[in-house]
Structures are given as C-alpha cells and as structure tokens.
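Source file: entry.cif. Holds: mmCIF, C-alpha atoms and all ligand atoms.
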```
data_upload
loop_
_atom_site.group_PDB
_atom_site.id
_atom_site.type_symbol
_atom_site.label_atom_id
_atom_site.label_comp_id
_atom_site.auth_asym_id
_atom_site.auth_seq_id
_atom_site.Cartn_x
_atom_site.Cartn_y
_atom_site.Cartn_z
ATOM 1 C CA MET A 1 2.528 -87.798 -24.306
ATOM 2 C CA ILE A 2 -1.029 -86.709 -23.588
ATOM 3 C CA ASP A 3 -2.030 -84.514 -20.657
ATOM 4 C CA LEU A 4 -5.655 -84.944 -19.596
ATOM 5 C CA HIS A 5 -5.931 -82.116 -17.080
ATOM 6 C CA CYS A 6 -4.583 -78.609 -17.523
ATOM 7 C CA HIS A 7 -5.649 -75.012 -16.956
ATOM 8 C CA ILE A 8 -4.166 -73.627 -20.153
ATOM 9 C CA LEU A 9 -7.092 -71.560 -21.468
ATOM 10 C CA PRO A 10 -6.440 -67.836 -20.976
ATOM 11 C CA GLY A 11 -8.429 -65.755 -18.518
ATOM 12 C CA VAL A 12 -11.123 -68.265 -17.611
ATOM 13 C CA ASP A 13 -10.015 -69.501 -14.171
ATOM 14 C CA ASP A 14 -7.002 -69.592 -11.824
ATOM 15 C CA GLY A 15 -4.771 -71.009 -14.589
ATOM 16 C CA ALA A 16 -3.327 -68.991 -17.476
ATOM 17 C CA GLN A 17 -4.341 -65.351 -17.004
ATOM 18 C CA SER A 18 -3.468 -64.123 -20.487
ATOM 19 C CA LEU A 19 -2.766 -65.423 -23.947
ATOM 20 C CA SER A 20 0.969 -65.009 -23.359
ATOM 21 C CA ASP A 21 0.624 -67.211 -20.233
ATOM 22 C CA SER A 22 -1.127 -69.833 -22.369
ATOM 23 C CA ILE A 23 1.618 -69.699 -24.983
ATOM 24 C CA ALA A 24 4.311 -70.051 -22.301
ATOM 25 C CA MET A 25 2.458 -73.068 -20.898
ATOM 26 C CA ALA A 26 2.095 -74.564 -24.372
ATOM 27 C CA LYS A 27 5.844 -74.250 -24.974
ATOM 28 C CA LYS A 28 6.577 -75.831 -21.604
ATOM 29 C CA ALA A 29 4.180 -78.681 -22.392
ATOM 30 C CA VAL A 30 5.964 -79.377 -25.676
ATOM 31 C CA ASP A 31 9.299 -79.370 -23.783
ATOM 32 C CA GLN A 32 7.847 -82.075 -21.560
ATOM 33 C CA GLY A 33 7.068 -84.225 -24.574
ATOM 34 C CA ILE A 34 3.349 -83.460 -24.522
ATOM 35 C CA HIS A 35 1.728 -83.320 -27.961
ATOM 36 C CA THR A 36 -1.929 -83.269 -26.941
ATOM 37 C CA ILE A 37 -3.418 -81.496 -23.976
ATOM 38 C CA VAL A 38 -6.958 -81.376 -22.654
ATOM 39 C CA ALA A 39 -7.945 -77.891 -21.525
ATOM 40 C CA THR A 40 -9.976 -78.429 -18.363
ATOM 41 C CA PRO A 41 -11.045 -75.114 -16.847
ATOM 42 C CA HIS A 42 -12.964 -75.158 -13.598
ATOM 43 C CA HIS A 43 -16.634 -75.376 -14.482
ATOM 44 C CA ARG A 44 -17.947 -73.051 -11.869
ATOM 45 C CA ASN A 45 -17.237 -71.511 -8.503
ATOM 46 C CA ASN A 46 -17.764 -68.103 -6.930
ATOM 47 C CA SER A 47 -15.479 -66.402 -9.434
ATOM 48 C CA TYR A 48 -15.792 -68.364 -12.668
ATOM 49 C CA GLU A 49 -18.472 -69.708 -14.938
ATOM 50 C CA ASN A 50 -17.263 -71.929 -17.755
ATOM 51 C CA PRO A 51 -20.080 -73.779 -19.474
ATOM 52 C CA LYS A 52 -19.452 -76.171 -22.371
ATOM 53 C CA GLN A 53 -20.034 -73.708 -25.202
ATOM 54 C CA THR A 54 -17.610 -71.099 -23.859
ATOM 55 C CA ILE A 55 -14.868 -73.720 -23.507
ATOM 56 C CA LEU A 56 -15.402 -75.049 -27.031
ATOM 57 C CA GLU A 57 -15.011 -71.553 -28.476
ATOM 58 C CA ARG A 58 -11.921 -70.767 -26.376
ATOM 59 C CA VAL A 59 -10.243 -74.046 -27.318
ATOM 60 C CA LYS A 60 -10.810 -73.357 -31.005
ATOM 61 C CA GLU A 61 -9.285 -69.912 -30.591
ATOM 62 C CA LEU A 62 -6.243 -71.210 -28.683
ATOM 63 C CA ASN A 63 -5.581 -73.875 -31.324
ATOM 64 C CA ARG A 64 -5.653 -71.154 -33.963
ATOM 65 C CA VAL A 65 -3.076 -69.113 -32.031
ATOM 66 C CA LEU A 66 -0.810 -72.149 -31.458
ATOM 67 C CA LEU A 67 -0.860 -72.857 -35.168
ATOM 68 C CA GLU A 68 0.089 -69.249 -35.878
ATOM 69 C CA GLU A 69 2.888 -69.426 -33.311
ATOM 70 C CA LYS A 70 4.048 -72.717 -34.841
ATOM 71 C CA ILE A 71 3.777 -74.538 -31.513
ATOM 72 C CA ASP A 72 3.184 -78.210 -32.109
ATOM 73 C CA LEU A 73 0.520 -78.821 -29.495
ATOM 74 C CA LYS A 74 -3.080 -79.838 -29.989
ATOM 75 C CA VAL A 75 -5.625 -78.637 -27.440
ATOM 76 C CA LEU A 76 -8.778 -80.670 -26.842
ATOM 77 C CA PRO A 77 -11.832 -79.472 -24.928
ATOM 78 C CA GLY A 78 -12.628 -80.612 -21.405
ATOM 79 C CA GLN A 79 -13.763 -79.320 -18.041
ATOM 80 C CA GLU A 80 -13.064 -79.883 -14.343
ATOM 81 C CA VAL A 81 -16.422 -80.152 -12.652
ATOM 82 C CA ARG A 82 -16.773 -79.562 -8.908
ATOM 83 C CA VAL A 83 -19.024 -82.353 -7.650
ATOM 84 C CA HIS A 84 -22.595 -81.109 -7.214
ATOM 85 C CA GLY A 85 -26.023 -82.642 -6.933
ATOM 86 C CA GLU A 86 -27.259 -81.293 -10.278
ATOM 87 C CA MET A 87 -24.427 -82.640 -12.443
ATOM 88 C CA LEU A 88 -26.703 -84.840 -14.453
ATOM 89 C CA GLU A 89 -29.110 -81.986 -15.201
ATOM 90 C CA GLY A 90 -26.060 -79.883 -16.131
ATOM 91 C CA TYR A 91 -24.951 -82.557 -18.562
ATOM 92 C CA HIS A 92 -28.348 -82.863 -20.204
ATOM 93 C CA GLY A 93 -28.687 -79.077 -20.266
ATOM 94 C CA GLY A 94 -25.420 -78.750 -22.249
ATOM 95 C CA GLU A 95 -23.318 -77.178 -19.469
ATOM 96 C CA ILE A 96 -21.076 -80.093 -18.620
ATOM 97 C CA LEU A 97 -18.327 -81.037 -21.046
ATOM 98 C CA PRO A 98 -16.664 -84.440 -20.680
ATOM 99 C CA VAL A 99 -13.084 -84.913 -21.972
ATOM 100 C CA ASN A 100 -13.103 -84.368 -25.749
ATOM 101 C CA HIS A 101 -16.836 -85.232 -25.954
ATOM 102 C CA THR A 102 -16.191 -88.780 -24.679
ATOM 103 C CA PRO A 103 -18.009 -90.401 -21.721
ATOM 104 C CA TYR A 104 -15.105 -89.514 -19.364
ATOM 105 C CA VAL A 105 -15.870 -86.547 -17.114
ATOM 106 C CA LEU A 106 -13.374 -85.011 -14.676
ATOM 107 C CA VAL A 107 -14.882 -84.571 -11.221
ATOM 108 C CA GLU A 108 -13.292 -82.599 -8.407
ATOM 109 C CA PHE A 109 -14.181 -82.985 -4.711
ATOM 110 C CA PRO A 110 -13.843 -80.244 -2.113
ATOM 111 C CA SER A 111 -10.314 -80.514 -0.684
ATOM 112 C CA ASN A 112 -11.357 -81.625 2.796
ATOM 113 C CA HIS A 113 -14.177 -84.111 2.279
ATOM 114 C CA VAL A 114 -16.218 -86.338 -0.033
ATOM 115 C CA PRO A 115 -19.915 -85.429 -0.126
ATOM 116 C CA ARG A 116 -22.135 -88.261 1.030
ATOM 117 C CA TYR A 117 -24.300 -88.114 -2.112
ATOM 118 C CA THR A 118 -21.286 -88.942 -4.320
ATOM 119 C CA GLU A 119 -21.944 -92.671 -4.548
ATOM 120 C CA LYS A 120 -25.546 -92.160 -5.674
ATOM 121 C CA LEU A 121 -24.529 -89.390 -8.085
ATOM 122 C CA PHE A 122 -21.802 -91.549 -9.650
ATOM 123 C CA TYR A 123 -24.294 -94.377 -10.038
ATOM 124 C CA ASP A 124 -26.672 -92.029 -11.856
ATOM 125 C CA LEU A 125 -23.861 -90.665 -14.049
ATOM 126 C CA GLN A 126 -22.856 -94.180 -15.022
ATOM 127 C CA MET A 127 -26.450 -95.111 -15.785
ATOM 128 C CA THR A 128 -26.440 -92.203 -18.259
ATOM 129 C CA GLY A 129 -23.301 -93.581 -19.901
ATOM 130 C CA LEU A 130 -20.810 -91.220 -18.285
ATOM 131 C CA ILE A 131 -17.651 -92.350 -16.487
ATOM 132 C CA PRO A 132 -16.595 -90.162 -13.549
ATOM 133 C CA VAL A 133 -12.849 -89.558 -13.204
ATOM 134 C CA ILE A 134 -11.999 -88.271 -9.721
ATOM 135 C CA VAL A 135 -9.180 -85.757 -10.035
ATOM 136 C CA HIS A 136 -6.376 -85.565 -7.472
ATOM 137 C CA PRO A 137 -7.869 -87.933 -4.845
ATOM 138 C CA GLU A 138 -4.415 -87.930 -3.220
ATOM 139 C CA ARG A 139 -4.966 -84.341 -2.110
ATOM 140 C CA ASN A 140 -8.356 -84.899 -0.466
ATOM 141 C CA GLN A 141 -8.131 -84.889 3.330
ATOM 142 C CA GLU A 142 -10.962 -87.359 3.924
ATOM 143 C CA ILE A 143 -9.621 -89.795 1.311
ATOM 144 C CA ILE A 144 -6.115 -89.595 2.806
ATOM 145 C CA GLU A 145 -7.558 -90.465 6.225
ATOM 146 C CA HIS A 146 -10.134 -93.009 5.013
ATOM 147 C CA SER A 147 -8.936 -94.552 1.767
ATOM 148 C CA GLU A 148 -11.815 -97.024 1.995
ATOM 149 C CA ILE A 149 -14.058 -94.263 0.584
ATOM 150 C CA LEU A 150 -11.994 -94.151 -2.600
ATOM 151 C CA TYR A 151 -11.736 -97.928 -2.762
ATOM 152 C CA GLN A 152 -15.530 -98.223 -2.693
ATOM 153 C CA LEU A 153 -16.010 -95.592 -5.418
ATOM 154 C CA VAL A 154 -13.399 -97.219 -7.686
ATOM 155 C CA LYS A 155 -14.852 -100.662 -7.037
ATOM 156 C CA LYS A 156 -18.187 -99.323 -8.265
ATOM 157 C CA GLY A 157 -16.712 -98.003 -11.517
ATOM 158 C CA ALA A 158 -15.225 -94.577 -10.847
ATOM 159 C CA LEU A 159 -11.759 -93.852 -12.207
ATOM 160 C CA THR A 160 -9.148 -91.555 -10.695
ATOM 161 C CA GLN A 161 -6.352 -89.241 -11.823
ATOM 162 C CA VAL A 162 -3.286 -88.513 -9.720
ATOM 163 C CA THR A 163 -1.476 -85.209 -10.251
ATOM 164 C CA ALA A 164 2.072 -85.476 -11.581
ATOM 165 C CA ALA A 165 3.440 -82.931 -9.093
ATOM 166 C CA SER A 166 2.059 -85.002 -6.193
ATOM 167 C CA LEU A 167 4.344 -87.874 -7.200
ATOM 168 C CA CYS A 168 7.305 -85.512 -7.294
ATOM 169 C CA GLY A 169 6.721 -84.284 -3.740
ATOM 170 C CA GLY A 170 5.293 -80.915 -4.798
ATOM 171 C CA PHE A 171 2.496 -81.213 -2.218
ATOM 172 C CA GLY A 172 4.614 -82.771 0.519
ATOM 173 C CA LYS A 173 5.926 -86.180 1.483
ATOM 174 C CA LYS A 174 2.643 -87.533 2.851
ATOM 175 C CA ILE A 175 0.813 -86.835 -0.428
ATOM 176 C CA LYS A 176 3.726 -88.238 -2.424
ATOM 177 C CA ASN A 177 3.654 -91.494 -0.464
ATOM 178 C CA PHE A 178 -0.128 -91.734 -0.650
ATOM 179 C CA SER A 179 0.032 -91.206 -4.436
ATOM 180 C CA MET A 180 2.379 -94.177 -4.739
ATOM 181 C CA GLN A 181 0.068 -96.267 -2.575
ATOM 182 C CA LEU A 182 -2.824 -95.410 -4.892
ATOM 183 C CA ILE A 183 -0.790 -96.616 -7.873
ATOM 184 C CA GLU A 184 0.313 -99.807 -6.124
ATOM 185 C CA SER A 185 -3.263 -100.598 -5.073
ATOM 186 C CA ASN A 186 -4.747 -100.096 -8.565
ATOM 187 C CA LEU A 187 -6.672 -97.122 -7.260
ATOM 188 C CA THR A 188 -5.626 -94.735 -9.990
ATOM 189 C CA HIS A 189 -5.805 -94.891 -13.760
ATOM 190 C CA PHE A 190 -4.298 -91.667 -15.056
ATOM 191 C CA ILE A 191 -1.448 -89.268 -14.354
ATOM 192 C CA ALA A 192 -2.021 -85.682 -15.480
ATOM 193 C CA SER A 193 -0.400 -82.340 -14.764
ATOM 194 C CA ASP A 194 -3.251 -80.143 -13.517
ATOM 195 C CA ALA A 195 -0.793 -77.398 -14.519
ATOM 196 C CA HIS A 196 -1.952 -73.846 -13.799
ATOM 197 C CA ASN A 197 1.229 -71.987 -14.823
ATOM 198 C CA ILE A 198 4.918 -72.594 -15.536
ATOM 199 C CA THR A 199 6.178 -71.723 -12.060
ATOM 200 C CA SER A 200 4.451 -72.916 -8.888
ATOM 201 C CA ARG A 201 2.007 -75.304 -10.605
ATOM 202 C CA SER A 202 3.832 -76.556 -13.677
ATOM 203 C CA PHE A 203 3.640 -79.831 -15.613
ATOM 204 C CA LYS A 204 6.106 -82.254 -13.954
ATOM 205 C CA MET A 205 4.922 -85.069 -16.199
ATOM 206 C CA ARG A 206 8.396 -86.307 -17.125
ATOM 207 C CA ASP A 207 9.520 -86.246 -13.497
ATOM 208 C CA ALA A 208 6.401 -88.089 -12.356
ATOM 209 C CA PHE A 209 6.836 -90.849 -14.911
ATOM 210 C CA GLY A 210 10.485 -91.084 -13.824
ATOM 211 C CA VAL A 211 9.358 -91.653 -10.240
ATOM 212 C CA ILE A 212 6.828 -94.288 -11.316
ATOM 213 C CA GLU A 213 9.398 -96.076 -13.488
ATOM 214 C CA LYS A 214 11.840 -96.212 -10.593
ATOM 215 C CA LYS A 215 9.327 -97.435 -8.014
ATOM 216 C CA VAL A 216 7.059 -99.789 -9.960
ATOM 217 C CA GLY A 217 8.592 -100.177 -13.393
ATOM 218 C CA MET A 218 8.107 -99.077 -16.972
ATOM 219 C CA ASP A 219 5.007 -101.203 -17.557
ATOM 220 C CA MET A 220 3.017 -98.915 -15.296
ATOM 221 C CA VAL A 221 4.287 -95.861 -17.184
ATOM 222 C CA TYR A 222 3.148 -97.394 -20.477
ATOM 223 C CA MET A 223 -0.240 -98.189 -18.975
ATOM 224 C CA PHE A 224 -0.800 -94.596 -17.864
ATOM 225 C CA GLU A 225 0.302 -93.254 -21.242
ATOM 226 C CA GLU A 226 -1.911 -95.705 -23.072
ATOM 227 C CA ASN A 227 -4.890 -94.946 -20.849
ATOM 228 C CA ALA A 228 -4.655 -91.237 -21.635
ATOM 229 C CA ALA A 229 -4.658 -92.072 -25.350
ATOM 230 C CA LEU A 230 -7.693 -94.326 -24.926
ATOM 231 C CA VAL A 231 -9.637 -91.708 -22.971
ATOM 232 C CA ILE A 232 -9.427 -88.977 -25.581
ATOM 233 C CA GLU A 233 -10.777 -91.462 -28.113
ATOM 234 C CA GLY A 234 -13.556 -92.526 -25.766
ATOM 235 C CA LYS A 235 -12.315 -96.117 -25.654
ATOM 236 C CA THR A 236 -12.205 -98.524 -22.725
ATOM 237 C CA ILE A 237 -9.120 -98.107 -20.568
ATOM 238 C CA TYR A 238 -6.885 -100.695 -18.886
ATOM 239 C CA LYS A 239 -7.559 -101.327 -15.240
ATOM 240 C CA GLU A 240 -6.902 -103.956 -12.622
ATOM 241 C CA ASP A 241 -9.156 -104.810 -9.688
ATOM 242 C CA PRO A 242 -8.660 -102.217 -6.977
ATOM 243 C CA GLU A 243 -7.172 -103.299 -3.664
ATOM 244 C CA ARG A 244 -7.529 -101.765 -0.235
ATOM 245 C CA ILE A 245 -4.534 -99.762 0.893
ATOM 246 C CA LYS A 246 -2.766 -101.684 3.609
ATOM 247 C CA ARG A 247 -2.111 -99.531 6.594
ATOM 248 C CA LYS A 248 1.493 -99.245 7.606
ATOM 249 C CA ARG A 249 2.499 -101.034 10.846
ATOM 250 C CA LEU A 250 3.140 -97.650 12.364
ATOM 251 C CA PHE A 251 -0.579 -96.989 12.514
ATOM 252 C CA HIS A 252 -1.517 -100.291 14.128
ATOM 253 C CA ILE A 253 -2.554 -99.932 17.724
ATOM 254 C CA PHE A 254 -2.498 -103.642 18.555
HETATM 255 FE FE FE B 1 -7.515 -78.753 -12.008
#
```
For this file, produce the structure as structure tokens.
Amino acid sequence: MIDLHCHILPGVDDGAQSLSDSIAMAKKAVDQGIHTIVATPHHRNNSYENPKQTILERVKELNRVLLEEKIDLKVLPGQEVRVHGEMLEGYHGGEILPVNHTPYVLVEFPSNHVPRYTEKLFYDLQMTGLIPVIVHPERNQEIIEHSEILYQLVKKGALTQVTAASLCGGFGKKIKNFSMQLIESNLTHFIASDAHNITSRSFKMRDAFGVIEKKVGMDMVYMFEENAALVIEGKTIYKEDPERIKRKRLFHIF
C-alpha cells in the first residue's frame, strides 16, 4: 500500500517531533501494510517554513535511518501547500514540491472556507502542467455546507484526497458520512492517512479501506490503491465524471 500524505519527517511541523517519533510512525506504517509513504510536511505557516530543498534533504536522511533500522519503508518527497495566491511563483522559484517530483501537488484549504481565487489559481496551475490535489475536502466547513464548490473544482480538473481517519469516524459522524458521499459521487480520487503521530492522528488506512469495501465494494478499494501507485509515477489516474451530491430528503424544505 502507498500513503500519499503523511507528516513523518522529524521536527519540521506538527507531525513527528523527533527521529524516534518518525521511526515509531514508520513501524506503524509497515504494520498497516504500507511500503511507500510520501512525506508531506506543511509548506509554510506562522511556525514552519519547509521549502523544497529542505524537504529533499530531510527525506534522504530519513531513508538512510530507516535502512539502518532495517525498516522496510520507502519515503518519497512531497509537501502540503496551504493555498495562496503566489503558488505558481513559488513553484517556479523552487519552493513548491509536488508529490515525488510529479505534476501532482497537494493543496490544503483553510478549514472554514475556500478562497474565491482558487478556481483561477487552479486554472493557472493546470496551464503550467501541475495537477492540484485538494487534501481533506471532507473537513472543510464551506465544502461540507456547499458541496457544489468542490463539484465545480473537480469538474474543472482538480483531484481530491480524503483522509482515512475521516472514513473511520475519527472526525465525527457528519464528516464520515460526507466522506462516503464524496466517494459515491466520484468527487475523490485518493485515500491517504495524513498521519501526524501514532496516537491521536494515526494511519487508519486498513480500517478505511475496510469501510470502503463494505459500503461500495472492493473495486473502489483497488481503484484508490492503483491511483496512489500511478501518482507517485506521475501517470494519469483513473477517474469517473463527478456527480453532484444529492441532498438528503431531510434537508428539503418543500
Ligand atoms: Fe496534512
């Protein structure tokens, strides 16, 4: 199994704080059946600054340690980029690091809204040959309330990644149900852990795939696994035409 989103690099963000944390996470990942993991530290916020070059060096170092520790896990470089107006300049300036140097770049929205410039920015990114992958849309308040926003972005070529723990109920029932709706409406293309540690924000990949298998069948599980493999090689992924999420009767006024 491949995990496309994980905060396993030590001491760079709110994920692993030390090398021993990273090693514990690596062992847990292997337990889950993960053989390849993309290290995706937060690019930048008030407390961290993780440009491309720093991540590449840290990933190399962590792979060296894992080899020494005889842990059978390969770490690939990546980054979780908070959406911002200068993303394209950041990419050209060598700050932004897509997943394993492919066109796929993980983009995070603020938790409560989707900036209005996103559609234009995604258009520009795609014109440059990049493919934006929106991480954890199921946890964004505005998307939960107005799924049409996500539908429009996906229709115009954006991809999305649902967090494994969301499907297991780790963020509550509402987010769990919405995550399933995203899958059923072809509005998501990847499942990843977004693991930060081995306690409160662990991997849950096996559990999530179990939930998907039970609700929509094994074919969907295979598709998600295959898509992760295609992404790290920079190949075209499988996707179906997105559909609008049908509102439940409960919400109908008339
Ligand atoms: Fe993350």
Could the residues of chain A that have an atom at most 12 Å from ligand FE 1 (chain B) be listed as a Markdown table, each with its closest atom pair and the distance in Å to one decimal, counting only C-alpha atoms and all ligand atoms and ordered by chain and ascending residue number?
```
| residue | atom | partner | partner_atom | distance |
| --- | --- | --- | --- | --- |
| A:Asp3 | CA | B:FE1 | FE | 11.8 |
| A:Leu4 | CA | B:FE1 | FE | 10.0 |
| A:His5 | CA | B:FE1 | FE | 6.3 |
| A:Cys6 | CA | B:FE1 | FE | 6.2 |
| A:His7 | CA | B:FE1 | FE | 6.5 |
| A:Ile8 | CA | B:FE1 | FE | 10.2 |
| A:Leu9 | CA | B:FE1 | FE | 11.9 |
| A:Asp13 | CA | B:FE1 | FE | 9.8 |
| A:Asp14 | CA | B:FE1 | FE | 9.2 |
| A:Gly15 | CA | B:FE1 | FE | 8.6 |
| A:Ala16 | CA | B:FE1 | FE | 11.9 |
| A:Val38 | CA | B:FE1 | FE | 11.0 |
| A:Ala39 | CA | B:FE1 | FE | 9.6 |
| A:Thr40 | CA | B:FE1 | FE | 6.8 |
| A:Pro41 | CA | B:FE1 | FE | 7.0 |
| A:His42 | CA | B:FE1 | FE | 6.7 |
| A:His43 | CA | B:FE1 | FE | 10.0 |
| A:Arg44 | CA | B:FE1 | FE | 11.9 |
| A:Gly78 | CA | B:FE1 | FE | 10.9 |
| A:Gln79 | CA | B:FE1 | FE | 8.7 |
| A:Glu80 | CA | B:FE1 | FE | 6.1 |
| A:Val81 | CA | B:FE1 | FE | 9.0 |
| A:Arg82 | CA | B:FE1 | FE | 9.8 |
| A:Leu106 | CA | B:FE1 | FE | 9.0 |
| A:Val107 | CA | B:FE1 | FE | 9.4 |
| A:Glu108 | CA | B:FE1 | FE | 7.8 |
| A:Phe109 | CA | B:FE1 | FE | 10.8 |
| A:Pro110 | CA | B:FE1 | FE | 11.8 |
| A:Ser111 | CA | B:FE1 | FE | 11.8 |
| A:Ile134 | CA | B:FE1 | FE | 10.8 |
| A:Val135 | CA | B:FE1 | FE | 7.5 |
| A:His136 | CA | B:FE1 | FE | 8.3 |
| A:Pro137 | CA | B:FE1 | FE | 11.6 |
| A:Arg139 | CA | B:FE1 | FE | 11.6 |
| A:Gln161 | CA | B:FE1 | FE | 10.6 |
| A:Val162 | CA | B:FE1 | FE | 10.9 |
| A:Thr163 | CA | B:FE1 | FE | 9.0 |
| A:Ala164 | CA | B:FE1 | FE | 11.7 |
| A:Ala192 | CA | B:FE1 | FE | 9.5 |
| A:Ser193 | CA | B:FE1 | FE | 8.4 |
| A:Asp194 | CA | B:FE1 | FE | 4.7 |
| A:Ala195 | CA | B:FE1 | FE | 7.3 |
| A:His196 | CA | B:FE1 | FE | 7.6 |
| A:Asn197 | CA | B:FE1 | FE | 11.4 |
| A:Arg201 | CA | B:FE1 | FE | 10.2 |
| A:Ser202 | CA | B:FE1 | FE | 11.7 |
| A:Phe203 | CA | B:FE1 | FE | 11.8 |
```
Quiz item: To one decimal place, how far is atom CA of His189 of chain A from atom CA of Asn112 of chain A in Å?
Solution: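 Separation between atom CA of His189 of chain A and atom CA of Asn112 of chain A: 21.9 Å.
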Quiz prompt | Contact residues around segment 49-65 of chain A with all atoms listed in the file at 7 Å, ignoring same-chain residues under 4 positions, as number ranges by chain | solution = A: 9, 42-45, 69, 74-77, 94-97
Show me a table, sorted first by chain and then by increasing residue number, of the residues of segment 148-190 of chain A having an atom at most 7 Å from segment 207-223 of chain A, each with its shortest atom pair and the distance in Å to one decimal, counting all atoms listed in the file and written as JSON lines.
```
{"residue": "A:Ala164", "atom": "CA", "partner": "A:Ala208", "partner_atom": "CA", "distance": 5.1}
{"residue": "A:Ala165", "atom": "CA", "partner": "A:Ala208", "partner_atom": "CA", "distance": 6.8}
{"residue": "A:Leu167", "atom": "CA", "partner": "A:Ala208", "partner_atom": "CA", "distance": 5.6}
{"residue": "A:Cys168", "atom": "CA", "partner": "A:Ala208", "partner_atom": "CA", "distance": 5.8}
```
Practice problem: Counting all atoms listed in the file, select every polymer residue within 12 Å of (-13.4, -104.0, -5.2) as defined in the file's coordinates, and provide the selection as a ChimeraX atom specification. | Solution: /A:148-158,185-187,239-245
Quiz item: Pick the closest to Ala229 of chain A from A:Gln32, A:Ser166, A:Asn100, A:Ser200: which is it, counting all atoms listed in the file?
Solution: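 That would be A:Asn100, the residue with the smallest distance to Ala229 of chain A.
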Quiz item: Which value, in Å to one decimal, gives the distance between atom CA of Leu182 of chain A and atom CA of Glu138 of chain A?
Solution: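 Distance between the two atoms: 7.8 Å.
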Quiz prompt | Straight-line distance linking atom CA of Phe224 of chain A with atom CA of His35 of chain A, stated in Å to one decimal | solution = 15.3 Å
Quiz prompt | Residue nearest Thr199 of chain A among A:Ile2, A:Asn140, A:Gly170, A:Leu73 (counting all atoms listed in the file) | solution = A:Gly170
